[in-house]
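Have a look at start.cif; it's mmCIF, N, CA and C atoms:
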```
data_model
loop_
_atom_site.label_atom_id
_atom_site.label_comp_id
_atom_site.auth_asym_id
_atom_site.auth_seq_id
_atom_site.Cartn_x
_atom_site.Cartn_y
_atom_site.Cartn_z
N MET A 555 -3.98 -13.47 -16.17
CA MET A 555 -3.71 -12.06 -16.24
C MET A 555 -2.27 -11.89 -16.70
N THR A 556 -2.07 -10.97 -17.61
CA THR A 556 -0.72 -10.71 -18.07
C THR A 556 -0.10 -9.61 -17.23
N LEU A 557 1.21 -9.50 -17.31
CA LEU A 557 1.91 -8.46 -16.58
C LEU A 557 1.41 -7.08 -17.00
N GLU A 558 1.15 -6.91 -18.30
CA GLU A 558 0.67 -5.62 -18.79
C GLU A 558 -0.67 -5.26 -18.15
N GLN A 559 -1.54 -6.23 -17.96
CA GLN A 559 -2.84 -5.95 -17.35
C GLN A 559 -2.66 -5.48 -15.91
N ALA A 560 -1.76 -6.10 -15.17
CA ALA A 560 -1.54 -5.68 -13.79
C ALA A 560 -0.94 -4.29 -13.75
N ASP A 561 -0.08 -3.95 -14.70
CA ASP A 561 0.59 -2.66 -14.70
C ASP A 561 -0.37 -1.51 -14.95
N ARG A 562 -1.50 -1.73 -15.59
CA ARG A 562 -2.39 -0.64 -15.96
C ARG A 562 -3.31 -0.19 -14.84
N GLY A 563 -3.49 -0.99 -13.81
CA GLY A 563 -4.51 -0.64 -12.84
C GLY A 563 -4.04 -0.66 -11.42
N VAL A 564 -5.00 -0.91 -10.57
CA VAL A 564 -4.77 -0.96 -9.13
C VAL A 564 -4.92 -2.40 -8.68
N VAL A 565 -4.12 -2.80 -7.71
CA VAL A 565 -4.17 -4.15 -7.15
C VAL A 565 -4.69 -4.07 -5.73
N ASP A 566 -5.63 -4.96 -5.39
CA ASP A 566 -6.15 -5.08 -4.02
C ASP A 566 -5.49 -6.27 -3.35
N ALA A 567 -5.13 -6.12 -2.07
CA ALA A 567 -4.56 -7.23 -1.31
C ALA A 567 -5.62 -7.78 -0.36
N VAL A 568 -5.80 -9.09 -0.39
CA VAL A 568 -6.79 -9.78 0.44
C VAL A 568 -6.02 -10.62 1.46
N VAL A 569 -5.84 -10.06 2.65
CA VAL A 569 -5.07 -10.74 3.70
C VAL A 569 -6.06 -11.28 4.72
N VAL A 570 -6.10 -12.60 4.85
CA VAL A 570 -7.02 -13.23 5.79
C VAL A 570 -6.24 -13.97 6.87
N TYR A 571 -6.79 -13.92 8.08
CA TYR A 571 -6.17 -14.62 9.20
C TYR A 571 -7.23 -14.87 10.26
N ASP A 572 -7.39 -16.10 10.64
CA ASP A 572 -8.27 -16.47 11.75
C ASP A 572 -9.69 -15.92 11.61
N GLY A 573 -10.25 -16.03 10.39
CA GLY A 573 -11.62 -15.58 10.17
C GLY A 573 -11.78 -14.08 10.06
N ARG A 574 -10.68 -13.36 9.86
CA ARG A 574 -10.72 -11.91 9.76
C ARG A 574 -9.98 -11.44 8.52
N LEU A 575 -10.35 -10.26 8.04
CA LEU A 575 -9.76 -9.67 6.85
C LEU A 575 -9.05 -8.38 7.23
N LEU A 576 -7.84 -8.19 6.75
CA LEU A 576 -7.08 -6.97 7.00
C LEU A 576 -7.68 -5.84 6.17
N MET A 577 -8.06 -4.76 6.85
CA MET A 577 -8.62 -3.60 6.16
C MET A 577 -7.90 -2.34 6.61
N VAL A 578 -7.91 -1.33 5.74
CA VAL A 578 -7.27 -0.06 6.04
C VAL A 578 -8.28 1.07 5.86
N ALA A 579 -8.06 2.15 6.58
CA ALA A 579 -8.94 3.31 6.48
C ALA A 579 -8.86 3.89 5.08
N ALA A 580 -10.02 4.19 4.52
CA ALA A 580 -10.12 4.81 3.21
C ALA A 580 -10.97 6.07 3.35
N GLN A 581 -11.07 6.85 2.29
CA GLN A 581 -11.83 8.10 2.35
C GLN A 581 -13.28 7.87 2.74
N ASP A 582 -13.86 6.77 2.26
CA ASP A 582 -15.27 6.52 2.52
C ASP A 582 -15.51 5.35 3.47
N GLY A 583 -14.61 5.11 4.38
CA GLY A 583 -14.77 4.02 5.33
C GLY A 583 -13.54 3.14 5.39
N TRP A 584 -13.76 1.84 5.26
CA TRP A 584 -12.68 0.86 5.32
C TRP A 584 -12.60 0.12 3.99
N GLY A 585 -11.38 -0.22 3.57
CA GLY A 585 -11.20 -0.95 2.32
C GLY A 585 -9.98 -1.85 2.39
N LEU A 586 -9.69 -2.48 1.29
CA LEU A 586 -8.53 -3.36 1.19
C LEU A 586 -7.27 -2.53 0.96
N PRO A 587 -6.13 -3.01 1.46
CA PRO A 587 -4.88 -2.34 1.08
C PRO A 587 -4.76 -2.43 -0.44
N SER A 588 -4.51 -1.32 -1.09
CA SER A 588 -4.45 -1.34 -2.55
C SER A 588 -3.54 -0.24 -3.06
N GLY A 589 -3.13 -0.41 -4.31
CA GLY A 589 -2.27 0.58 -4.94
C GLY A 589 -1.81 0.10 -6.30
N ALA A 590 -1.03 0.91 -6.95
CA ALA A 590 -0.56 0.62 -8.31
C ALA A 590 0.75 -0.15 -8.29
N PRO A 591 0.87 -1.10 -9.22
CA PRO A 591 2.13 -1.84 -9.33
C PRO A 591 3.24 -0.97 -9.91
N GLN A 592 4.46 -1.32 -9.57
CA GLN A 592 5.62 -0.68 -10.17
C GLN A 592 5.86 -1.34 -11.52
N PRO A 593 6.64 -0.70 -12.41
CA PRO A 593 6.89 -1.30 -13.72
C PRO A 593 7.39 -2.75 -13.59
N ALA A 594 6.79 -3.63 -14.39
CA ALA A 594 7.14 -5.06 -14.46
C ALA A 594 6.90 -5.82 -13.16
N GLU A 595 6.10 -5.27 -12.25
CA GLU A 595 5.79 -5.94 -10.99
C GLU A 595 4.51 -6.75 -11.15
N SER A 596 4.53 -8.00 -10.78
CA SER A 596 3.34 -8.83 -10.87
C SER A 596 2.31 -8.37 -9.83
N ALA A 597 1.06 -8.76 -10.04
CA ALA A 597 0.01 -8.42 -9.08
C ALA A 597 0.33 -9.01 -7.71
N GLU A 598 0.84 -10.24 -7.68
CA GLU A 598 1.16 -10.90 -6.41
C GLU A 598 2.26 -10.14 -5.65
N ALA A 599 3.32 -9.74 -6.37
CA ALA A 599 4.42 -9.00 -5.74
C ALA A 599 3.94 -7.62 -5.29
N CYS A 600 3.11 -7.00 -6.10
CA CYS A 600 2.56 -5.68 -5.76
C CYS A 600 1.75 -5.76 -4.47
N ALA A 601 0.89 -6.74 -4.35
CA ALA A 601 0.04 -6.88 -3.15
C ALA A 601 0.91 -7.05 -1.91
N ALA A 602 1.92 -7.90 -1.99
CA ALA A 602 2.80 -8.13 -0.84
C ALA A 602 3.53 -6.84 -0.45
N ARG A 603 4.03 -6.13 -1.44
CA ARG A 603 4.74 -4.88 -1.18
C ARG A 603 3.82 -3.85 -0.54
N LEU A 604 2.63 -3.69 -1.11
CA LEU A 604 1.68 -2.70 -0.59
C LEU A 604 1.29 -2.98 0.86
N VAL A 605 1.00 -4.23 1.17
CA VAL A 605 0.61 -4.57 2.53
C VAL A 605 1.73 -4.21 3.50
N TYR A 606 2.96 -4.53 3.13
CA TYR A 606 4.08 -4.22 4.03
C TYR A 606 4.25 -2.71 4.17
N GLU A 607 4.23 -1.99 3.05
CA GLU A 607 4.42 -0.54 3.11
C GLU A 607 3.32 0.16 3.91
N LEU A 608 2.07 -0.25 3.71
CA LEU A 608 0.95 0.41 4.37
C LEU A 608 0.78 -0.01 5.82
N THR A 609 0.86 -1.32 6.08
CA THR A 609 0.48 -1.83 7.40
C THR A 609 1.65 -2.37 8.23
N GLY A 610 2.76 -2.69 7.59
CA GLY A 610 3.89 -3.27 8.30
C GLY A 610 3.82 -4.78 8.42
N TYR A 611 2.73 -5.40 7.96
CA TYR A 611 2.62 -6.86 8.01
C TYR A 611 3.35 -7.46 6.82
N LEU A 612 4.09 -8.51 7.07
CA LEU A 612 4.78 -9.24 6.01
C LEU A 612 3.84 -10.33 5.49
N VAL A 613 3.58 -10.31 4.19
CA VAL A 613 2.69 -11.29 3.57
C VAL A 613 3.31 -11.81 2.29
N ASP A 614 2.73 -12.89 1.79
CA ASP A 614 3.15 -13.47 0.53
C ASP A 614 1.92 -13.54 -0.38
N GLY A 615 1.95 -12.79 -1.49
CA GLY A 615 0.84 -12.83 -2.44
C GLY A 615 0.83 -14.17 -3.14
N SER A 616 -0.26 -14.92 -3.00
CA SER A 616 -0.26 -16.29 -3.50
C SER A 616 -1.12 -16.54 -4.73
N SER A 617 -2.31 -15.92 -4.81
CA SER A 617 -3.17 -16.21 -5.96
C SER A 617 -4.09 -15.04 -6.26
N VAL A 618 -4.40 -14.88 -7.53
CA VAL A 618 -5.27 -13.79 -7.97
C VAL A 618 -6.71 -14.30 -8.03
N LEU A 619 -7.63 -13.54 -7.42
CA LEU A 619 -9.05 -13.88 -7.47
C LEU A 619 -9.64 -13.30 -8.74
N ARG A 620 -10.54 -14.05 -9.36
CA ARG A 620 -11.22 -13.58 -10.57
C ARG A 620 -12.72 -13.63 -10.34
N PRO A 621 -13.44 -12.63 -10.83
CA PRO A 621 -14.90 -12.67 -10.70
C PRO A 621 -15.47 -13.87 -11.44
N ARG A 622 -16.62 -14.36 -10.96
CA ARG A 622 -17.28 -15.47 -11.65
C ARG A 622 -17.50 -15.09 -13.11
N GLY A 623 -17.21 -16.01 -13.98
CA GLY A 623 -17.44 -15.80 -15.41
C GLY A 623 -16.33 -15.05 -16.12
N ALA A 624 -15.36 -14.52 -15.40
CA ALA A 624 -14.27 -13.79 -16.04
C ALA A 624 -13.31 -14.79 -16.69
N THR A 625 -12.80 -14.42 -17.85
CA THR A 625 -11.81 -15.25 -18.54
C THR A 625 -10.42 -14.68 -18.28
N PRO A 626 -9.38 -15.47 -18.51
CA PRO A 626 -8.03 -14.95 -18.30
C PRO A 626 -7.70 -13.73 -19.17
N ASP A 627 -8.43 -13.54 -20.26
CA ASP A 627 -8.17 -12.39 -21.13
C ASP A 627 -8.91 -11.13 -20.69
N ASP A 628 -9.87 -11.26 -19.77
CA ASP A 628 -10.61 -10.09 -19.30
C ASP A 628 -9.70 -9.20 -18.46
N VAL A 629 -9.80 -7.90 -18.66
CA VAL A 629 -9.04 -6.95 -17.85
C VAL A 629 -9.89 -6.60 -16.64
N VAL A 630 -9.48 -7.09 -15.48
CA VAL A 630 -10.19 -6.84 -14.23
C VAL A 630 -9.19 -6.34 -13.19
N ARG A 631 -9.70 -5.61 -12.22
CA ARG A 631 -8.85 -5.14 -11.13
C ARG A 631 -8.43 -6.35 -10.31
N PRO A 632 -7.12 -6.64 -10.26
CA PRO A 632 -6.68 -7.84 -9.54
C PRO A 632 -6.88 -7.73 -8.03
N ALA A 633 -7.37 -8.79 -7.44
CA ALA A 633 -7.45 -8.94 -5.99
C ALA A 633 -6.61 -10.17 -5.66
N VAL A 634 -5.57 -10.00 -4.88
CA VAL A 634 -4.61 -11.06 -4.61
C VAL A 634 -4.75 -11.57 -3.19
N VAL A 635 -4.98 -12.87 -3.04
CA VAL A 635 -5.02 -13.49 -1.72
C VAL A 635 -3.58 -13.56 -1.21
N CYS A 636 -3.39 -13.09 0.02
CA CYS A 636 -2.05 -13.07 0.62
C CYS A 636 -2.06 -13.87 1.92
N GLN A 637 -1.00 -14.60 2.12
CA GLN A 637 -0.82 -15.36 3.35
C GLN A 637 -0.03 -14.52 4.34
N LEU A 638 -0.53 -14.39 5.55
CA LEU A 638 0.14 -13.61 6.59
C LEU A 638 1.39 -14.37 7.06
N LEU A 639 2.53 -13.69 7.04
CA LEU A 639 3.78 -14.30 7.45
C LEU A 639 4.30 -13.77 8.79
N SER A 640 3.76 -12.65 9.26
CA SER A 640 4.19 -12.09 10.54
C SER A 640 2.97 -11.77 11.39
N GLN A 641 3.05 -12.07 12.66
CA GLN A 641 1.94 -11.81 13.58
C GLN A 641 1.87 -10.35 14.01
N SER A 642 3.01 -9.68 13.99
CA SER A 642 3.06 -8.28 14.43
C SER A 642 3.58 -7.42 13.29
N PRO A 643 3.03 -6.21 13.14
CA PRO A 643 3.49 -5.33 12.08
C PRO A 643 4.83 -4.69 12.43
N SER A 644 5.58 -4.34 11.40
CA SER A 644 6.83 -3.63 11.60
C SER A 644 6.50 -2.18 11.94
N ALA A 645 7.44 -1.49 12.55
CA ALA A 645 7.24 -0.09 12.92
C ALA A 645 7.36 0.84 11.71
N GLU A 646 7.70 0.29 10.55
CA GLU A 646 7.90 1.10 9.35
C GLU A 646 6.62 1.34 8.55
N ALA A 647 5.48 0.94 9.06
CA ALA A 647 4.22 1.09 8.34
C ALA A 647 3.88 2.55 8.12
N ARG A 648 3.32 2.85 6.94
CA ARG A 648 2.89 4.22 6.65
C ARG A 648 1.64 4.60 7.44
N LEU A 649 0.77 3.63 7.68
CA LEU A 649 -0.48 3.90 8.39
C LEU A 649 -0.30 3.68 9.89
N THR A 650 -0.95 4.51 10.67
CA THR A 650 -0.91 4.33 12.13
C THR A 650 -1.84 3.17 12.50
N PRO A 651 -1.65 2.58 13.67
CA PRO A 651 -2.49 1.45 14.08
C PRO A 651 -3.99 1.76 14.06
N GLU A 652 -4.39 3.01 14.28
CA GLU A 652 -5.81 3.37 14.26
C GLU A 652 -6.41 3.27 12.85
N ARG A 653 -5.56 3.26 11.83
CA ARG A 653 -6.04 3.21 10.45
C ARG A 653 -5.95 1.81 9.86
N ILE A 654 -5.70 0.82 10.73
CA ILE A 654 -5.59 -0.58 10.32
C ILE A 654 -6.49 -1.40 11.24
N ARG A 655 -7.25 -2.34 10.66
CA ARG A 655 -8.06 -3.19 11.51
C ARG A 655 -8.25 -4.57 10.87
N TRP A 656 -8.55 -5.53 11.72
CA TRP A 656 -8.87 -6.88 11.28
C TRP A 656 -10.39 -7.03 11.46
N ALA A 657 -11.11 -7.09 10.36
CA ALA A 657 -12.57 -7.17 10.41
C ALA A 657 -13.02 -8.62 10.27
N PRO A 658 -13.98 -9.06 11.09
CA PRO A 658 -14.56 -10.39 10.89
C PRO A 658 -15.15 -10.49 9.49
N PHE A 659 -15.07 -11.67 8.89
CA PHE A 659 -15.55 -11.86 7.52
C PHE A 659 -16.97 -11.32 7.33
N ALA A 660 -17.85 -11.59 8.28
CA ALA A 660 -19.25 -11.18 8.14
C ALA A 660 -19.36 -9.66 7.97
N GLN A 661 -18.57 -8.90 8.72
CA GLN A 661 -18.57 -7.44 8.58
C GLN A 661 -17.92 -7.02 7.27
N ALA A 662 -16.83 -7.66 6.91
CA ALA A 662 -16.08 -7.29 5.70
C ALA A 662 -16.91 -7.53 4.44
N ILE A 663 -17.69 -8.60 4.42
CA ILE A 663 -18.50 -8.93 3.24
C ILE A 663 -19.47 -7.79 2.93
N ASP A 664 -19.95 -7.12 3.95
CA ASP A 664 -20.90 -6.02 3.78
C ASP A 664 -20.22 -4.66 3.57
N ALA A 665 -18.91 -4.64 3.37
CA ALA A 665 -18.18 -3.37 3.30
C ALA A 665 -17.95 -2.89 1.87
N GLY A 666 -18.72 -3.39 0.90
CA GLY A 666 -18.57 -2.91 -0.47
C GLY A 666 -17.34 -3.43 -1.18
N LEU A 667 -16.93 -4.63 -0.86
CA LEU A 667 -15.76 -5.23 -1.50
C LEU A 667 -16.10 -5.71 -2.91
N PRO A 668 -15.08 -5.88 -3.76
CA PRO A 668 -15.33 -6.44 -5.10
C PRO A 668 -15.98 -7.82 -5.01
N GLU A 669 -16.74 -8.16 -6.04
CA GLU A 669 -17.49 -9.43 -6.07
C GLU A 669 -16.60 -10.64 -5.83
N ALA A 670 -15.44 -10.70 -6.47
CA ALA A 670 -14.55 -11.86 -6.32
C ALA A 670 -14.09 -12.01 -4.88
N VAL A 671 -13.86 -10.90 -4.20
CA VAL A 671 -13.41 -10.94 -2.80
C VAL A 671 -14.57 -11.39 -1.91
N ARG A 672 -15.76 -10.86 -2.13
CA ARG A 672 -16.93 -11.29 -1.34
C ARG A 672 -17.16 -12.79 -1.50
N ASP A 673 -17.09 -13.29 -2.75
CA ASP A 673 -17.28 -14.72 -2.99
C ASP A 673 -16.22 -15.54 -2.27
N TYR A 674 -14.99 -15.07 -2.29
CA TYR A 674 -13.90 -15.78 -1.61
C TYR A 674 -14.16 -15.84 -0.10
N LEU A 675 -14.53 -14.71 0.49
CA LEU A 675 -14.78 -14.68 1.93
C LEU A 675 -15.96 -15.56 2.31
N LYS A 676 -17.02 -15.53 1.51
CA LYS A 676 -18.19 -16.37 1.79
C LYS A 676 -17.81 -17.85 1.78
N GLY A 677 -16.92 -18.22 0.88
CA GLY A 677 -16.47 -19.61 0.79
C GLY A 677 -15.53 -20.00 1.92
N HIS A 678 -15.01 -19.03 2.64
CA HIS A 678 -14.06 -19.32 3.72
C HIS A 678 -14.54 -18.86 5.09
N THR A 679 -15.80 -18.49 5.19
CA THR A 679 -16.33 -18.04 6.47
C THR A 679 -16.42 -19.21 7.43
N PRO A 680 -15.81 -19.06 8.62
CA PRO A 680 -15.89 -20.15 9.60
C PRO A 680 -17.34 -20.36 10.06
N VAL A 681 -17.68 -21.62 10.35
CA VAL A 681 -19.04 -21.94 10.78
C VAL A 681 -19.14 -21.91 12.28
#
```
Before anything else, please render the file you have as structure tokens.
Amino acid sequence: MTLEQADRGVVDAVVVYDGRLLMVAAQDGWGLPSGAPQPAESAEACAARLVYELTGYLVDGSSVLRPRGATPDDVVRPAVVCQLLSQSPSAEARLTPERIRWAPFAQAIDAGLPEAVRDYLKGHTPV
């Protein structure tokens, strides 16, 4: 993915910890922390910034998930896997604790997530 591709759309953050996925309240239920990148901001940096701003959790955006069969030239909505760096959220989060939850993978998979995210969670579901 090029920087220009990330700049045109929305980035989803995929924060996993202990068999659970970080989700935030959305208009139609629960979804991934997401938002638009700032000018010249990579998808990885955008995901880390968004998670901190929305939830107060410090994360590090590590890798972009791609749907099966997608090529690096395909323009797709980036979903970035993030590593959790803090166990407790900062008090500066935009969302209240009631609008943030850690969903077990099994529940999250059924929550209408993008295909690449569902595939990632299925491959990492604890047995």
Quick one: pick out all helix (DSSP H, G or I) residues within chain A from a backbone DSSP run and write them as a PyMOL selection string. chain A and resi 557-562+597-609+651-653+659-663+669-678
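Counting all atoms listed in the file, the residue from A:Cys636, A:Val564, A:Leu608, A:Val613 that sits nearest to Pro591 in chain A is A:Val564.
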List, as an NGL selection string, every residue that the PyMOL selection byres ((chain A and resi 586) around 6.5) selects in the file provided. :A and (566-567 or 576-578 or 584-585 or 587-588)
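Pairwise distance (CA of Ala580 in chain A, CA of Ser640 in chain A) equals 23.3 Å.
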List as a ChimeraX atom specification the protein and nucleic acid residues near range 644-659 of chain A, meaning an atom at most 6.5 Å away when all atoms listed in the file are counted, but skip any in the same chain fewer than 6 places from it. /A:573-579,606-612,675,679
Please write the residues from the selection above to a file, keeping N, CA and C atoms, as a compact mmCIF listing (two decimals), in the coordinates of the input.
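Listed below is the output, part_7.txt:
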```txt
# COMPACT_ATOMS: atom_id res chain seq x y z
N GLY A 573 -10.25 -16.03 10.39
CA GLY A 573 -11.62 -15.58 10.17
C GLY A 573 -11.78 -14.08 10.06
N ARG A 574 -10.68 -13.36 9.86
CA ARG A 574 -10.72 -11.91 9.76
C ARG A 574 -9.98 -11.44 8.52
N LEU A 575 -10.35 -10.26 8.04
CA LEU A 575 -9.76 -9.67 6.85
C LEU A 575 -9.05 -8.38 7.23
N LEU A 576 -7.84 -8.19 6.75
CA LEU A 576 -7.08 -6.97 7.00
C LEU A 576 -7.68 -5.84 6.17
N MET A 577 -8.06 -4.76 6.85
CA MET A 577 -8.62 -3.60 6.16
C MET A 577 -7.90 -2.34 6.61
N VAL A 578 -7.91 -1.33 5.74
CA VAL A 578 -7.27 -0.06 6.04
C VAL A 578 -8.28 1.07 5.86
N ALA A 579 -8.06 2.15 6.58
CA ALA A 579 -8.94 3.31 6.48
C ALA A 579 -8.86 3.89 5.08
N TYR A 606 2.96 -4.53 3.13
CA TYR A 606 4.08 -4.22 4.03
C TYR A 606 4.25 -2.71 4.17
N GLU A 607 4.23 -1.99 3.05
CA GLU A 607 4.42 -0.54 3.11
C GLU A 607 3.32 0.16 3.91
N LEU A 608 2.07 -0.25 3.71
CA LEU A 608 0.95 0.41 4.37
C LEU A 608 0.78 -0.01 5.82
N THR A 609 0.86 -1.32 6.08
CA THR A 609 0.48 -1.83 7.40
C THR A 609 1.65 -2.37 8.23
N GLY A 610 2.76 -2.69 7.59
CA GLY A 610 3.89 -3.27 8.30
C GLY A 610 3.82 -4.78 8.42
N TYR A 611 2.73 -5.40 7.96
CA TYR A 611 2.62 -6.86 8.01
C TYR A 611 3.35 -7.46 6.82
N LEU A 612 4.09 -8.51 7.07
CA LEU A 612 4.78 -9.24 6.01
C LEU A 612 3.84 -10.33 5.49
N LEU A 675 -14.53 -14.71 0.49
CA LEU A 675 -14.78 -14.68 1.93
C LEU A 675 -15.96 -15.56 2.31
N THR A 679 -15.80 -18.49 5.19
CA THR A 679 -16.33 -18.04 6.47
C THR A 679 -16.42 -19.21 7.43
```
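Pairwise distance (atom C of Glu598 in chain A, atom N of Val569 in chain A) equals 11.6 Å.
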Just say which residues the PyMOL selection byres (((chain A and resi 617 and name CA) around 8) and name CA) picks in this file, as a PDB file with N, CA and C atoms, in the coordinates of the input.
```pdb
ATOM      1  N   GLU A 598       0.840 -10.240  -7.680  1.00  0.00           N
ATOM      2  CA  GLU A 598       1.160 -10.900  -6.410  1.00  0.00           C
ATOM      3  C   GLU A 598       2.260 -10.140  -5.650  1.00  0.00           C
ATOM      4  N   GLY A 615       1.950 -12.790  -1.490  1.00  0.00           N
ATOM      5  CA  GLY A 615       0.840 -12.830  -2.440  1.00  0.00           C
ATOM      6  C   GLY A 615       0.830 -14.170  -3.140  1.00  0.00           C
ATOM      7  N   SER A 616      -0.260 -14.920  -3.000  1.00  0.00           N
ATOM      8  CA  SER A 616      -0.260 -16.290  -3.500  1.00  0.00           C
ATOM      9  C   SER A 616      -1.120 -16.540  -4.730  1.00  0.00           C
ATOM     10  N   VAL A 618      -4.400 -14.880  -7.530  1.00  0.00           N
ATOM     11  CA  VAL A 618      -5.270 -13.790  -7.970  1.00  0.00           C
ATOM     12  C   VAL A 618      -6.710 -14.300  -8.030  1.00  0.00           C
ATOM     13  N   LEU A 619      -7.630 -13.540  -7.420  1.00  0.00           N
ATOM     14  CA  LEU A 619      -9.050 -13.880  -7.470  1.00  0.00           C
ATOM     15  C   LEU A 619      -9.640 -13.300  -8.740  1.00  0.00           C
ATOM     16  N   VAL A 634      -5.570 -10.000  -4.880  1.00  0.00           N
ATOM     17  CA  VAL A 634      -4.610 -11.060  -4.610  1.00  0.00           C
ATOM     18  C   VAL A 634      -4.750 -11.570  -3.190  1.00  0.00           C
ATOM     19  N   VAL A 635      -4.980 -12.870  -3.040  1.00  0.00           N
ATOM     20  CA  VAL A 635      -5.020 -13.490  -1.720  1.00  0.00           C
ATOM     21  C   VAL A 635      -3.580 -13.560  -1.210  1.00  0.00           C
ATOM     22  N   CYS A 636      -3.390 -13.090   0.020  1.00  0.00           N
ATOM     23  CA  CYS A 636      -2.050 -13.070   0.620  1.00  0.00           C
ATOM     24  C   CYS A 636      -2.060 -13.870   1.920  1.00  0.00           C
TER      25      CYS A 636
END
```
Please rebuild range 656-662 of chain A with all heavy atoms and return the result as an mmCIF file, in the coordinates of the input.
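The resulting file, selection22.cif, is reproduced below:
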```
data_model
loop_
_atom_site.group_PDB
_atom_site.id
_atom_site.type_symbol
_atom_site.label_atom_id
_atom_site.label_comp_id
_atom_site.auth_asym_id
_atom_site.auth_seq_id
_atom_site.Cartn_x
_atom_site.Cartn_y
_atom_site.Cartn_z
ATOM 1 N N TRP A 656 -8.550 -5.530 11.720
ATOM 2 C CA TRP A 656 -8.870 -6.880 11.280
ATOM 3 C C TRP A 656 -10.390 -7.030 11.460
ATOM 4 O O TRP A 656 -10.880 -7.092 12.587
ATOM 5 C CB TRP A 656 -8.126 -7.913 12.116
ATOM 6 C CG TRP A 656 -6.661 -7.951 11.799
ATOM 7 C CD1 TRP A 656 -5.668 -7.272 12.432
ATOM 8 C CD2 TRP A 656 -6.043 -8.690 10.753
ATOM 9 N NE1 TRP A 656 -4.463 -7.555 11.838
ATOM 10 C CE2 TRP A 656 -4.655 -8.423 10.808
ATOM 11 C CE3 TRP A 656 -6.518 -9.556 9.769
ATOM 12 C CZ2 TRP A 656 -3.749 -8.993 9.927
ATOM 13 C CZ3 TRP A 656 -5.614 -10.120 8.890
ATOM 14 C CH2 TRP A 656 -4.248 -9.839 8.971
ATOM 15 N N ALA A 657 -11.110 -7.090 10.360
ATOM 16 C CA ALA A 657 -12.570 -7.170 10.410
ATOM 17 C C ALA A 657 -13.020 -8.620 10.270
ATOM 18 O O ALA A 657 -12.526 -9.343 9.396
ATOM 19 C CB ALA A 657 -13.177 -6.338 9.277
ATOM 20 N N PRO A 658 -13.980 -9.060 11.090
ATOM 21 C CA PRO A 658 -14.560 -10.390 10.890
ATOM 22 C C PRO A 658 -15.150 -10.490 9.490
ATOM 23 O O PRO A 658 -15.642 -9.498 8.945
ATOM 24 C CB PRO A 658 -15.655 -10.469 11.958
ATOM 25 C CG PRO A 658 -15.285 -9.449 12.976
ATOM 26 C CD PRO A 658 -14.577 -8.352 12.229
ATOM 27 N N PHE A 659 -15.070 -11.670 8.890
ATOM 28 C CA PHE A 659 -15.550 -11.860 7.520
ATOM 29 C C PHE A 659 -16.970 -11.320 7.330
ATOM 30 O O PHE A 659 -17.254 -10.672 6.339
ATOM 31 C CB PHE A 659 -15.520 -13.335 7.124
ATOM 32 C CG PHE A 659 -14.151 -13.878 6.815
ATOM 33 C CD1 PHE A 659 -14.000 -15.210 6.500
ATOM 34 C CD2 PHE A 659 -13.026 -13.083 6.832
ATOM 35 C CE1 PHE A 659 -12.748 -15.738 6.203
ATOM 36 C CE2 PHE A 659 -11.773 -13.597 6.534
ATOM 37 C CZ PHE A 659 -11.633 -14.930 6.225
ATOM 38 N N ALA A 660 -17.850 -11.590 8.280
ATOM 39 C CA ALA A 660 -19.250 -11.180 8.140
ATOM 40 C C ALA A 660 -19.360 -9.660 7.970
ATOM 41 O O ALA A 660 -20.141 -9.174 7.154
ATOM 42 C CB ALA A 660 -20.068 -11.638 9.339
ATOM 43 N N GLN A 661 -18.570 -8.900 8.720
ATOM 44 C CA GLN A 661 -18.570 -7.440 8.580
ATOM 45 C C GLN A 661 -17.920 -7.020 7.270
ATOM 46 O O GLN A 661 -18.386 -6.101 6.601
ATOM 47 C CB GLN A 661 -17.829 -6.788 9.739
ATOM 48 C CG GLN A 661 -18.555 -6.828 11.042
ATOM 49 C CD GLN A 661 -17.720 -6.198 12.152
ATOM 50 O OE1 GLN A 661 -16.622 -5.698 11.937
ATOM 51 N NE2 GLN A 661 -18.246 -6.256 13.362
ATOM 52 N N ALA A 662 -16.830 -7.660 6.910
ATOM 53 C CA ALA A 662 -16.080 -7.290 5.700
ATOM 54 C C ALA A 662 -16.910 -7.530 4.440
ATOM 55 O O ALA A 662 -16.859 -6.734 3.503
ATOM 56 C CB ALA A 662 -14.778 -8.089 5.632
#
```
